[in-house]
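To be precise, the following lines are input_6.txt, and they hold compact mmCIF, C-alpha atoms.
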```txt
# COMPACT_ATOMS: atom_id res chain seq x y z
CA VAL A 499 150.97 96.00 77.73
CA THR A 500 148.63 94.19 80.09
CA GLY A 501 147.74 93.90 83.72
CA HIS A 502 147.99 96.00 86.84
CA LEU A 503 149.27 99.62 86.94
CA ASP A 504 151.63 100.78 89.72
CA ASP A 505 150.30 103.27 92.32
CA CYS A 506 146.71 102.48 91.20
CA THR A 507 143.97 99.92 91.78
CA CYS A 508 143.34 99.72 88.04
CA ASP A 509 144.50 97.58 85.13
CA VAL A 510 145.10 98.11 81.41
CA GLU A 511 142.23 95.87 80.24
CA THR A 512 139.57 97.79 82.23
CA ILE A 513 140.74 101.10 80.73
CA ASP A 514 140.86 99.68 77.18
CA ALA A 515 137.30 98.37 77.37
CA PHE A 516 135.91 101.53 78.98
CA ASN A 517 137.74 103.98 76.70
CA ASN A 518 137.55 102.26 73.33
CA TYR A 519 133.91 101.20 73.42
CA LYS A 520 132.22 103.73 75.72
CA LEU A 521 134.04 107.02 76.24
CA PHE A 522 136.19 107.60 73.15
CA PRO A 523 133.31 107.70 70.57
CA ARG A 524 131.27 110.16 72.71
CA LEU A 525 134.22 112.38 73.56
CA ASN A 526 135.35 112.50 69.95
CA GLU A 527 131.91 113.69 68.88
CA LEU A 528 131.94 116.45 71.54
CA LEU A 529 135.34 117.72 70.35
CA GLN A 530 133.97 118.23 66.80
CA SER A 531 131.62 120.95 68.10
CA ASP A 532 132.28 124.66 67.60
CA TYR A 533 132.93 125.35 71.28
CA PHE A 534 135.77 122.85 71.50
CA ARG A 535 137.37 123.12 68.07
CA TYR A 536 138.55 126.74 68.35
CA TYR A 537 141.54 127.37 70.62
CA LYS A 538 143.19 130.78 71.03
CA VAL A 539 146.96 130.60 71.20
CA ASN A 540 150.03 132.81 70.86
CA LEU A 541 152.58 130.86 68.81
CA LYS A 542 154.95 133.82 68.51
CA LYS A 543 156.13 134.07 72.12
CA PRO A 544 159.94 133.90 72.34
CA CYS A 545 161.61 130.98 74.08
CA PRO A 546 162.40 132.18 77.63
CA PHE A 547 165.28 129.75 78.23
CA TRP A 548 167.61 129.84 75.25
CA ASP A 549 168.08 131.63 71.91
CA ASP A 550 165.98 129.69 69.46
CA ASN A 551 166.21 130.34 65.74
CA SER A 552 165.35 126.79 64.75
CA HIS A 553 161.81 127.35 63.49
CA CYS A 554 160.85 124.40 61.39
CA GLY A 555 160.88 125.33 57.72
CA MET A 556 158.86 122.31 56.60
CA ARG A 557 155.37 123.04 55.36
CA ASP A 558 153.79 120.40 57.62
CA CYS A 559 155.00 122.40 60.65
CA ALA A 560 152.84 125.39 59.72
CA VAL A 561 149.64 126.28 61.55
CA GLN A 562 146.80 127.92 59.66
CA PRO A 563 145.02 130.42 61.94
CA CYS A 564 141.32 131.15 61.43
CA PRO A 565 140.09 134.27 59.69
CA SER A 566 138.19 136.00 62.51
CA ASP A 567 134.86 135.87 60.66
CA GLU A 568 134.98 132.04 60.76
CA VAL A 569 135.05 131.94 64.57
CA PRO A 570 131.52 132.00 66.07
CA ASP A 571 130.56 135.44 67.42
CA GLY A 572 129.88 134.15 70.91
CA ILE A 573 133.40 132.75 71.23
CA ARG A 574 135.10 135.84 69.82
CA SER A 575 133.20 138.35 71.92
CA GLY A 576 133.90 136.75 75.28
CA SER A 577 136.39 133.95 75.39
CA TYR A 578 136.30 133.88 79.20
CA LYS A 579 132.56 134.47 79.58
CA TYR A 580 129.97 131.79 80.24
CA SER A 581 126.57 133.17 79.39
CA GLU A 582 124.73 135.34 76.93
CA GLU A 583 124.01 137.95 79.61
CA ALA A 584 127.72 138.20 80.37
CA ASN A 585 128.44 138.75 76.70
CA HIS A 586 126.04 141.69 76.58
CA ARG A 587 128.29 143.29 79.22
CA ALA A 588 131.52 142.38 77.45
CA GLU A 589 132.57 146.04 77.21
CA GLU A 590 132.61 146.30 81.02
CA CYS A 591 136.10 145.68 82.25
CA GLU A 592 136.72 142.57 84.30
CA GLU A 593 138.07 144.67 87.16
CA ALA A 594 134.80 146.56 87.61
CA LYS A 595 132.87 143.32 87.66
CA ARG A 596 135.10 141.76 90.28
CA LEU A 597 135.16 144.92 92.39
CA GLY A 598 131.38 144.93 92.29
CA ALA A 599 131.38 141.45 93.79
CA VAL A 600 133.29 142.72 96.84
CA ASP A 601 131.36 144.17 99.78
CA ASP A 602 130.21 147.74 98.91
CA SER A 603 130.74 148.94 102.48
CA LEU A 604 134.52 148.67 102.07
CA SER A 605 136.55 151.69 100.97
CA SER A 606 137.66 151.71 97.35
CA GLU A 607 141.31 151.19 98.45
CA THR A 608 140.36 148.11 100.46
CA ARG A 609 138.25 146.79 97.61
CA ARG A 610 141.20 147.19 95.25
CA ALA A 611 143.44 145.35 97.72
CA VAL A 612 140.87 142.53 97.87
CA LEU A 613 140.87 142.42 94.07
CA GLN A 614 144.67 142.15 94.04
CA TRP A 615 144.44 139.19 96.44
CA THR A 616 141.80 137.59 94.27
CA ARG A 617 144.09 137.95 91.27
CA HIS A 618 146.95 136.46 93.29
CA ASP A 619 144.72 133.55 94.31
CA ASP A 620 143.69 133.04 90.70
CA SER A 621 147.31 132.78 89.60
CA SER A 622 148.48 130.71 92.58
CA ASP A 623 146.25 127.76 91.71
CA SER A 624 147.44 127.69 88.10
CA PHE A 625 149.81 124.98 86.94
CA CYS A 626 150.46 126.66 83.58
CA GLU A 627 151.99 129.77 82.14
CA ALA A 628 148.90 130.84 80.21
CA ASP A 629 149.05 132.88 77.03
CA ASP A 630 147.78 136.44 77.18
CA ILE A 631 144.83 135.79 74.89
CA SER A 632 144.08 139.53 74.57
CA SER A 633 147.53 140.02 72.95
CA PRO A 634 147.36 141.04 69.27
CA GLU A 635 149.63 138.06 68.51
CA ALA A 636 147.16 135.51 69.95
CA GLU A 637 145.04 133.93 67.20
CA TYR A 638 142.23 131.42 67.01
CA VAL A 639 143.16 128.06 65.53
CA ASP A 640 140.71 125.45 64.28
CA LEU A 641 142.06 122.27 65.86
CA LEU A 642 140.20 120.06 63.38
CA LEU A 643 142.02 121.71 60.45
CA ASN A 644 145.42 121.53 62.20
CA PRO A 645 145.53 117.94 63.47
CA GLU A 646 148.40 116.60 65.55
CA ARG A 647 150.51 114.34 63.34
CA TYR A 648 154.06 113.69 62.16
CA THR A 649 155.61 116.88 60.73
CA GLY A 650 159.26 115.84 60.27
CA TYR A 651 160.30 117.84 63.38
CA LYS A 652 162.91 115.63 65.09
CA GLY A 653 166.61 115.39 65.84
CA PRO A 654 168.65 117.63 68.21
CA ASP A 655 166.04 120.42 68.47
CA ALA A 656 163.19 118.11 69.50
CA TRP A 657 165.53 116.13 71.78
CA LYS A 658 166.61 119.36 73.52
CA ILE A 659 162.99 120.10 74.49
CA TRP A 660 162.33 116.70 76.07
CA ASN A 661 165.77 116.58 77.67
CA SER A 662 165.16 119.96 79.31
CA ILE A 663 161.79 118.75 80.60
CA TYR A 664 163.12 115.50 82.08
CA GLU A 665 166.50 116.70 83.36
CA GLU A 666 165.48 120.02 84.89
CA ASN A 667 161.83 119.61 85.87
CA CYS A 668 161.21 116.02 87.03
CA PHE A 669 162.91 116.26 90.45
CA LYS A 670 165.70 113.99 89.17
CA PRO A 671 169.27 114.39 90.47
CA GLN A 672 171.90 114.98 87.76
CA ASN A 673 173.89 111.85 88.63
CA VAL A 674 170.92 109.53 87.97
CA LYS A 675 170.79 108.92 84.22
CA ARG A 676 167.54 108.25 82.42
CA PRO A 677 167.32 104.90 80.61
CA LEU A 678 168.36 105.20 76.94
CA ALA A 679 169.61 108.76 77.46
CA SER A 680 173.13 109.52 76.20
CA GLY A 681 175.85 108.59 78.68
CA ARG A 682 173.42 106.43 80.62
CA GLY A 683 175.96 103.73 81.47
CA GLU A 684 175.07 100.10 80.93
CA ASP A 685 172.89 99.18 83.89
CA GLY A 686 169.68 98.95 81.83
CA GLY A 687 168.04 101.77 83.80
CA HIS A 688 168.50 99.93 87.12
CA THR A 689 169.87 103.02 88.94
CA PHE A 690 167.10 105.21 87.56
CA TYR A 691 164.24 102.89 88.58
CA LYS A 692 165.81 102.30 91.99
CA TRP A 693 165.81 106.09 92.46
CA LEU A 694 162.23 106.41 91.15
CA LYS A 695 160.97 103.69 93.49
CA GLY A 696 162.61 105.44 96.44
CA VAL A 697 161.07 108.91 95.94
CA CYS A 698 157.70 109.98 97.35
CA VAL A 699 154.54 109.08 95.47
CA GLU A 700 154.02 112.70 94.28
CA LYS A 701 157.44 112.98 92.60
CA ARG A 702 157.04 109.54 91.07
CA ALA A 703 153.60 110.54 89.76
CA PHE A 704 155.06 113.74 88.27
CA TYR A 705 157.64 111.78 86.28
CA ARG A 706 155.01 109.27 85.16
CA LEU A 707 152.66 112.03 83.95
CA ILE A 708 155.41 113.59 81.81
CA SER A 709 156.49 110.19 80.49
CA GLY A 710 152.82 109.38 79.73
CA LEU A 711 152.38 112.66 77.86
CA HIS A 712 155.56 111.95 75.87
CA ALA A 713 154.29 108.44 75.04
CA SER A 714 150.90 109.79 73.98
CA ILE A 715 152.47 112.34 71.61
CA ASN A 716 154.72 109.63 70.11
CA ILE A 717 151.69 107.40 69.50
CA HIS A 718 149.93 110.23 67.62
CA LEU A 719 153.01 110.78 65.45
CA SER A 720 153.28 107.05 64.70
CA ALA A 721 149.54 106.70 63.99
CA ARG A 722 149.35 109.73 61.67
CA TYR A 723 152.65 109.39 59.84
CA LEU A 724 153.31 110.82 56.40
CA LEU A 725 153.34 107.61 54.35
CA GLN A 726 153.15 109.15 50.87
CA ASP A 727 154.14 112.64 49.76
CA THR A 728 153.83 113.22 46.02
CA TRP A 729 152.62 116.18 43.98
CA SER A 730 149.28 114.43 43.47
CA GLU A 731 148.62 113.06 46.95
CA LYS A 732 149.59 113.18 50.61
CA ARG A 733 148.65 110.12 52.63
CA TRP A 734 148.84 109.83 56.42
CA GLY A 735 148.46 106.59 58.36
CA PRO A 736 149.97 104.19 60.91
CA ASN A 737 153.72 103.59 60.67
CA VAL A 738 154.38 100.28 62.46
CA THR A 739 158.18 100.57 62.25
CA GLU A 740 158.11 104.01 63.91
CA PHE A 741 155.77 102.67 66.60
CA GLN A 742 158.03 99.67 67.31
CA GLN A 743 161.15 101.82 67.55
CA ARG A 744 159.50 103.79 70.33
CA PHE A 745 157.61 101.06 72.19
CA ASP A 746 158.76 97.53 71.28
CA GLU A 747 160.04 95.77 74.42
CA VAL A 748 163.16 94.35 72.75
CA LEU A 749 164.09 97.41 70.66
CA THR A 750 163.71 99.75 73.68
CA ARG A 751 165.37 97.35 76.15
CA GLY A 752 162.20 97.10 78.21
CA GLU A 753 161.45 100.84 78.21
CA GLY A 754 158.51 100.75 75.73
CA PRO A 755 156.03 98.90 77.97
CA ARG A 756 156.91 101.22 80.89
CA ARG A 757 156.19 104.25 78.70
CA LEU A 758 152.83 102.79 77.71
CA LYS A 759 151.90 102.07 81.34
CA ASN A 760 152.67 105.73 82.09
CA LEU A 761 150.23 106.68 79.32
CA TYR A 762 147.52 104.72 81.15
CA PHE A 763 148.49 106.46 84.40
CA LEU A 764 148.06 109.85 82.67
CA TYR A 765 144.67 108.65 81.37
CA LEU A 766 143.52 107.84 84.93
CA ILE A 767 144.65 111.23 86.29
CA GLU A 768 142.83 113.22 83.59
CA LEU A 769 139.74 110.99 83.78
CA ARG A 770 139.61 111.54 87.55
CA ALA A 771 139.72 115.32 87.02
CA LEU A 772 136.75 115.13 84.63
CA SER A 773 134.75 113.14 87.17
CA LYS A 774 135.56 115.67 89.94
CA VAL A 775 134.71 118.83 87.98
CA LEU A 776 131.13 117.75 87.13
CA PRO A 777 129.47 120.12 89.70
CA PHE A 778 131.10 123.14 88.01
CA PHE A 779 129.52 122.30 84.64
CA GLU A 780 126.17 121.12 86.05
CA ARG A 781 125.17 124.60 87.26
CA PRO A 782 122.22 126.02 85.28
CA GLY A 783 124.12 129.29 84.65
CA PHE A 784 126.98 127.56 82.87
CA GLN A 785 126.76 127.52 79.07
CA LEU A 786 129.06 126.40 76.29
CA TYR A 787 128.35 129.77 74.74
CA THR A 788 128.94 130.19 70.99
CA GLY A 789 125.89 132.34 70.19
CA ASN A 790 123.87 129.51 68.63
CA GLU A 791 121.26 128.95 71.34
CA GLY A 792 119.91 125.58 70.20
CA GLN A 793 123.34 124.10 69.55
CA ASP A 794 124.73 125.45 72.83
CA ALA A 795 121.97 123.77 74.87
CA GLU A 796 122.43 120.51 72.98
CA MET A 797 126.22 120.57 73.50
CA LYS A 798 125.89 121.26 77.22
CA HIS A 799 123.60 118.24 77.54
CA PHE A 800 126.12 116.19 75.57
CA LEU A 801 129.01 117.46 77.73
CA LEU A 802 127.20 116.41 80.92
CA GLU A 803 126.62 112.95 79.42
CA VAL A 804 130.37 112.60 78.81
CA LEU A 805 131.16 113.78 82.38
CA HIS A 806 128.64 111.39 83.94
CA LEU A 807 130.16 108.61 81.87
CA ALA A 808 133.62 109.59 83.16
CA ARG A 809 132.29 109.50 86.72
CA SER A 810 130.86 105.98 86.17
CA PHE A 811 134.34 104.48 85.64
CA PRO A 812 134.68 101.72 88.26
CA LEU A 813 138.37 102.02 89.24
CA HIS A 814 139.17 105.73 89.61
CA PHE A 815 142.59 106.91 90.72
CA ASP A 816 142.59 107.93 94.41
CA GLU A 817 144.32 111.29 94.58
CA ASN A 818 143.98 111.40 98.38
CA SER A 819 147.38 109.74 98.60
CA PHE A 820 148.89 112.97 97.24
CA PHE A 821 150.22 115.58 99.68
CA ALA A 822 148.73 113.68 102.60
CA GLY A 823 151.59 113.87 105.13
CA ASN A 824 152.82 116.70 107.35
CA LYS A 825 150.82 119.80 106.36
CA ARG A 826 153.77 122.17 106.04
CA GLU A 827 155.87 119.66 104.08
CA ALA A 828 152.87 118.78 101.91
CA ALA A 829 152.20 122.46 101.09
CA LYS A 830 155.87 122.98 100.18
CA LEU A 831 155.88 119.89 97.96
CA LYS A 832 152.63 120.90 96.26
CA GLU A 833 154.10 124.32 95.45
CA GLU A 834 157.25 122.67 94.02
CA PHE A 835 155.03 120.38 91.96
CA ARG A 836 153.08 123.37 90.62
CA LEU A 837 156.18 125.42 89.77
CA HIS A 838 157.90 122.49 88.02
CA PHE A 839 154.83 121.97 85.87
CA LYS A 840 154.52 125.70 85.18
CA ASN A 841 158.12 125.65 83.96
CA ILE A 842 157.31 122.81 81.54
CA SER A 843 154.44 124.87 80.11
CA LYS A 844 156.95 127.69 79.44
CA ILE A 845 159.31 125.29 77.63
CA MET A 846 156.54 124.75 75.05
CA ASP A 847 157.38 128.22 73.68
CA CYS A 848 160.78 126.80 72.70
CA VAL A 849 159.36 124.11 70.38
CA GLY A 850 160.61 124.94 66.88
CA CYS A 851 157.72 123.40 64.92
CA PHE A 852 154.57 125.55 65.19
CA LYS A 853 152.14 122.65 64.89
CA CYS A 854 154.04 120.73 67.59
CA ARG A 855 154.10 123.92 69.68
CA LEU A 856 150.32 124.34 69.32
CA TRP A 857 149.58 120.79 70.49
CA GLY A 858 152.30 120.89 73.14
CA LYS A 859 150.85 124.07 74.65
CA LEU A 860 147.30 122.74 74.50
CA GLN A 861 148.18 119.39 76.10
CA THR A 862 150.27 120.89 78.89
CA GLN A 863 147.52 123.43 79.62
CA GLY A 864 144.99 120.58 79.64
CA LEU A 865 147.03 118.49 82.07
CA GLY A 866 147.73 121.59 84.19
CA THR A 867 143.98 122.24 84.35
CA ALA A 868 143.38 118.62 85.40
CA LEU A 869 145.92 119.03 88.24
CA LYS A 870 144.30 122.33 89.27
CA ILE A 871 140.93 120.49 89.51
CA LEU A 872 142.35 117.60 91.55
CA PHE A 873 143.98 119.99 94.02
CA SER A 874 140.85 122.19 94.35
CA GLU A 875 138.60 119.58 95.93
CA ASN A 876 137.61 121.82 98.87
CA LEU A 877 136.61 124.64 96.50
CA LEU A 878 134.66 122.29 94.23
CA GLU A 879 132.65 121.02 97.18
CA LYS A 880 131.61 124.61 97.98
CA ILE A 881 130.39 125.52 94.49
CA PRO A 882 126.84 126.94 94.76
CA GLU A 883 124.18 125.30 92.60
CA SER A 884 123.45 128.63 90.96
CA GLY A 885 125.11 132.03 90.74
CA PRO A 886 128.79 132.83 90.25
CA SER A 887 131.52 130.49 91.47
CA TYR A 888 134.29 132.78 92.72
CA GLY A 889 136.07 130.11 94.74
CA PHE A 890 136.73 127.87 91.75
CA GLN A 891 136.79 129.09 88.17
CA LEU A 892 137.83 127.80 84.76
CA THR A 893 138.37 130.03 81.74
CA ARG A 894 137.16 128.97 78.31
CA GLN A 895 140.83 128.36 77.39
CA GLU A 896 141.22 125.94 80.28
CA ILE A 897 137.98 124.14 79.42
CA VAL A 898 138.90 123.70 75.74
CA ALA A 899 142.43 122.57 76.68
CA LEU A 900 141.18 120.14 79.37
CA PHE A 901 138.81 118.26 77.05
CA ASN A 902 141.06 118.31 73.99
CA ALA A 903 144.07 117.13 76.01
CA PHE A 904 142.05 114.24 77.39
CA GLY A 905 140.79 113.63 73.85
CA ARG A 906 144.42 113.17 72.76
CA VAL A 907 145.15 110.65 75.56
CA SER A 908 141.89 108.82 74.84
CA THR A 909 142.86 108.69 71.15
CA SER A 910 146.26 107.23 72.08
CA VAL A 911 144.64 104.39 74.03
CA LYS A 912 142.38 103.71 71.03
CA GLU A 913 145.35 103.83 68.60
CA LEU A 914 147.17 101.26 70.74
CA GLU A 915 144.37 98.81 69.98
CA ASN A 916 144.80 99.53 66.25
CA PHE A 917 148.56 98.90 66.41
CA ARG A 918 147.95 95.71 68.41
CA ASN A 919 145.63 94.45 65.65
CA ILE A 920 148.06 95.40 62.86
CA LEU A 921 150.95 93.62 64.62
CA GLN A 922 148.87 90.48 65.21
CA ASN A 923 147.90 90.36 61.54
CA MET A 924 151.56 90.73 60.53
CA ARG A 925 152.48 87.65 62.56
```
Now that the file is in, can you turn its structure into structure tokens?
Amino acid sequence: VTGHLDDCTCDVETIDAFNNYKLFPRLNELLQSDYFRYYKVNLKKPCPFWDDNSHCGMRDCAVQPCPSDEVPDGIRSGSYKYSEEANHRAEECEEAKRLGAVDDSLSSETRRAVLQWTRHDDSSDSFCEADDISSPEAEYVDLLLNPERYTGYKGPDAWKIWNSIYEENCFKPQNVKRPLASGRGEDGGHTFYKWLKGVCVEKRAFYRLISGLHASINIHLSARYLLQDTWSEKRWGPNVTEFQQRFDEVLTRGEGPRRLKNLYFLYLIELRALSKVLPFFERPGFQLYTGNEGQDAEMKHFLLEVLHLARSFPLHFDENSFFAGNKREAAKLKEEFRLHFKNISKIMDCVGCFKCRLWGKLQTQGLGTALKILFSENLLEKIPESGPSYGFQLTRQEIVALFNAFGRVSTSVKELENFRNILQNMR
């Protein structure tokens, strides 16, 4: 895949050079740190859309949660808190804290009403169905010990997940068949791409983000494939045949290169979000709090380096083309966009393989957080340099998901270079 990307001013080569030699090594190092490696997730939520008894019985599908004493104290004691002082008040309920931030001259009933509105506002900017991380079923997982890779989860169950996402949540009419989907007819995707070209830029972007996420996940599975499984050794590595089946231009009838271009589109969207959210993390009061003071300060400095690097990218996506028309129509479309994405995050609870479910939930929450950032520009501009930021807020869950999700997309772009080299050597 080379050249210009649709709906952008960028090209594949610029992203490859920037990601593979500048950003990827730094980001990868950041994601090894304690703050970013522990993610709290509830993998036992029932599927809300259909009866699902298809839990993957293969051992590679299993997720090993952390014993609680392995998770740093600072993370365990306040997964949504940002500073040491806040952790000392962890026993205070969140409601009392938020009520205290409302004008004391108001009656307690009015203050409670204001709190309800604040809660409503908090949920209305969310693009994801977040786990209740205070639930007894939510557990910390060490992402480094549960890497995303091929587990053997495939066939009708996996197909059902993606089909539900594309057919019911990508604004597509039923009579327009996706290329290579069953019953697609024989027009080589012509009808589908004619439809896609004719829809508004927001709906086209939505489809491309989902397709890019799908491509990214397939690259991870091809790059970390189970090549050898004997009693003495398990060996994971790149499976070129698997990669070609998913992305080769001839084998996919032209679909593979389109999927890869959508991966680059997803990269630009998430990179843009990182560049926009810099003021939130730059505030002196913000800490990557784990309880280890020296390491926390060092990691915050490192995080800001990564964000400044993201901001230095020369050809950022211009999100101002989104929702830019008639205000009422734009607001309605934005809400549809948000609800469609929220629905996709719920579908992740239907994934039968627990390891795939973990990474599916994390990556959809990360992309949802990126969208929340891009559509909160007015709030980000108003963030005070110090003190609390009530207008715009990110939980620790959102922060960990945002950076790890972008880490996955960044890894995919890097893995593409590896596959390119392998294929050239084979010729």
Would you mind listing, for every residue of range 616-700 of chain A within 9 Å of range 716-731 of chain A, the two atoms forming the shortest contact and the distance between them in Å to one decimal, using only C-alpha atoms, sorted by chain and ascending residue number, as CSV?
```
residue,atom,partner,partner_atom,distance
A:Glu646,CA,A:His718,CA,6.9
A:Arg647,CA,A:Leu719,CA,4.8
A:Tyr648,CA,A:Leu719,CA,4.5
A:Thr649,CA,A:Leu724,CA,7.8
A:Gly650,CA,A:Leu724,CA,8.7
```
Extract, using only C-alpha atoms, all DNA, RNA and protein residues at most 9 Å from Arg676 in chain A, discarding same-chain residues fewer than 5 positions from it, and format them as a PDB file with C-alpha atoms, in the frame of the given file.
```
ATOM      1  CA  TYR A 664     163.120 115.500  82.080  1.00  0.00           C
ATOM      2  CA  GLU A 665     166.500 116.700  83.360  1.00  0.00           C
ATOM      3  CA  ARG A 682     173.420 106.430  80.620  1.00  0.00           C
ATOM      4  CA  GLY A 687     168.040 101.770  83.800  1.00  0.00           C
ATOM      5  CA  THR A 689     169.870 103.020  88.940  1.00  0.00           C
ATOM      6  CA  PHE A 690     167.100 105.210  87.560  1.00  0.00           C
ATOM      7  CA  TYR A 691     164.240 102.890  88.580  1.00  0.00           C
TER       8      TYR A 691
END
```
How many Å lie between CA of Ala515 in chain A and CA of Glu913 in chain A, rounded to one decimal?
->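 Separation of CA of Ala515 in chain A and CA of Glu913 in chain A: 13.1 Å.
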Quick one: residues within 10 Å of Ser908 in chain A, all atoms listed in the file counted, chain neighbours fewer than 5 positions away excluded, as a compact mmCIF listing (two decimals) with C-alpha atoms, in the frame of the given file?
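Output contents, as saved in around34.txt:
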```
# COMPACT_ATOMS: atom_id res chain seq x y z
CA ILE A 513 140.74 101.10 80.73
CA ASP A 514 140.86 99.68 77.18
CA ASN A 517 137.74 103.98 76.70
CA ASN A 518 137.55 102.26 73.33
CA LEU A 521 134.04 107.02 76.24
CA PHE A 522 136.19 107.60 73.15
CA PRO A 523 133.31 107.70 70.57
CA LEU A 525 134.22 112.38 73.56
CA ASN A 526 135.35 112.50 69.95
CA SER A 714 150.90 109.79 73.98
CA LEU A 761 150.23 106.68 79.32
CA TYR A 762 147.52 104.72 81.15
CA TYR A 765 144.67 108.65 81.37
CA GLU A 768 142.83 113.22 83.59
CA LEU A 769 139.74 110.99 83.78
CA ASN A 902 141.06 118.31 73.99
CA ALA A 903 144.07 117.13 76.01
CA GLU A 913 145.35 103.83 68.60
```
Which neighbours of range 656-658 of chain A fall inside 9 Å, counting all atoms listed in the file, when residues of the same chain fewer than 4 positions from it are skipped, and could you give them as a ChimeraX atom specification?
-> /A:651-652,662-663,849-851
Which protein, DNA or RNA residues have an atom at most 10 Å from (137.4, 116.4, 68.5), counting only C-alpha atoms? List them as a PyMOL selection string.
-> chain A and resi 523-532+534-535+641-642+645+901-902+905-906+909
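Among the candidates A:Lys798, A:Lys840, A:Gly710, A:Glu883, the residue lying nearest to Lys759 in chain A is A:Gly710 (atoms considered: all atoms listed in the file).
Between Leu758 in chain A and the residues A:Ile845, A:Leu892, A:Ala628, A:Ala713, the shortest atom-to-atom distance, using all atoms listed in the file, involves A:Ala713.
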Using only C-alpha atoms, which residues sit within 7 Å of Lys859 in chain A once same-chain residues fewer than 3 positions away are excluded, as a ChimeraX atom specification?
-> /A:843,846,855-856,862-863
Please identify all polymer residues within 8 Å of Arg809 in chain A, counting only C-alpha atoms, omitting same-chain residues fewer than 4 positions from it, and present them as a ChimeraX atom specification.
-> /A:770,772-774,805
Using only C-alpha atoms, what residues lie at most 10 Å away from (142.6, 140.7, 72.8) (file coordinates), given as a PDB file with C-alpha atoms, in the coordinates of the input?
```pdb
ATOM      1  CA  ARG A 574     135.100 135.840  69.820  1.00  0.00           C
ATOM      2  CA  SER A 575     133.200 138.350  71.920  1.00  0.00           C
ATOM      3  CA  GLY A 576     133.900 136.750  75.280  1.00  0.00           C
ATOM      4  CA  SER A 577     136.390 133.950  75.390  1.00  0.00           C
ATOM      5  CA  ASP A 630     147.780 136.440  77.180  1.00  0.00           C
ATOM      6  CA  ILE A 631     144.830 135.790  74.890  1.00  0.00           C
ATOM      7  CA  SER A 632     144.080 139.530  74.570  1.00  0.00           C
ATOM      8  CA  SER A 633     147.530 140.020  72.950  1.00  0.00           C
ATOM      9  CA  PRO A 634     147.360 141.040  69.270  1.00  0.00           C
ATOM     10  CA  GLU A 635     149.630 138.060  68.510  1.00  0.00           C
ATOM     11  CA  ALA A 636     147.160 135.510  69.950  1.00  0.00           C
ATOM     12  CA  GLU A 637     145.040 133.930  67.200  1.00  0.00           C
TER      13      GLU A 637
END
```
Counting all atoms listed in the file, the residue of A:Asn644, A:Phe745, A:Lys543, A:Thr512 that sits nearest His814 in chain A | A:Thr512
CA of Lys832 in chain A to CA of Ala808 in chain A measures 25.7 Å
Quick one: pull the distance between CA of Gln922 in chain A and CA of His502 in chain A, Å, one decimal.
->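 Between these atoms lies a distance of 22.3 Å.
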For Arg894 in chain A, which of A:Pro563, A:Gly735, A:Gly572, A:Pro777 is the closest residue, counting only C-alpha atoms?
->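 The answer is A:Gly572, which sits nearest to Arg894 in chain A.
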Nearest to Asp549 in chain A: which of A:Leu878, A:Cys848, A:Ser624, A:Glu568 is it, counting only C-alpha atoms?
-> A:Cys848
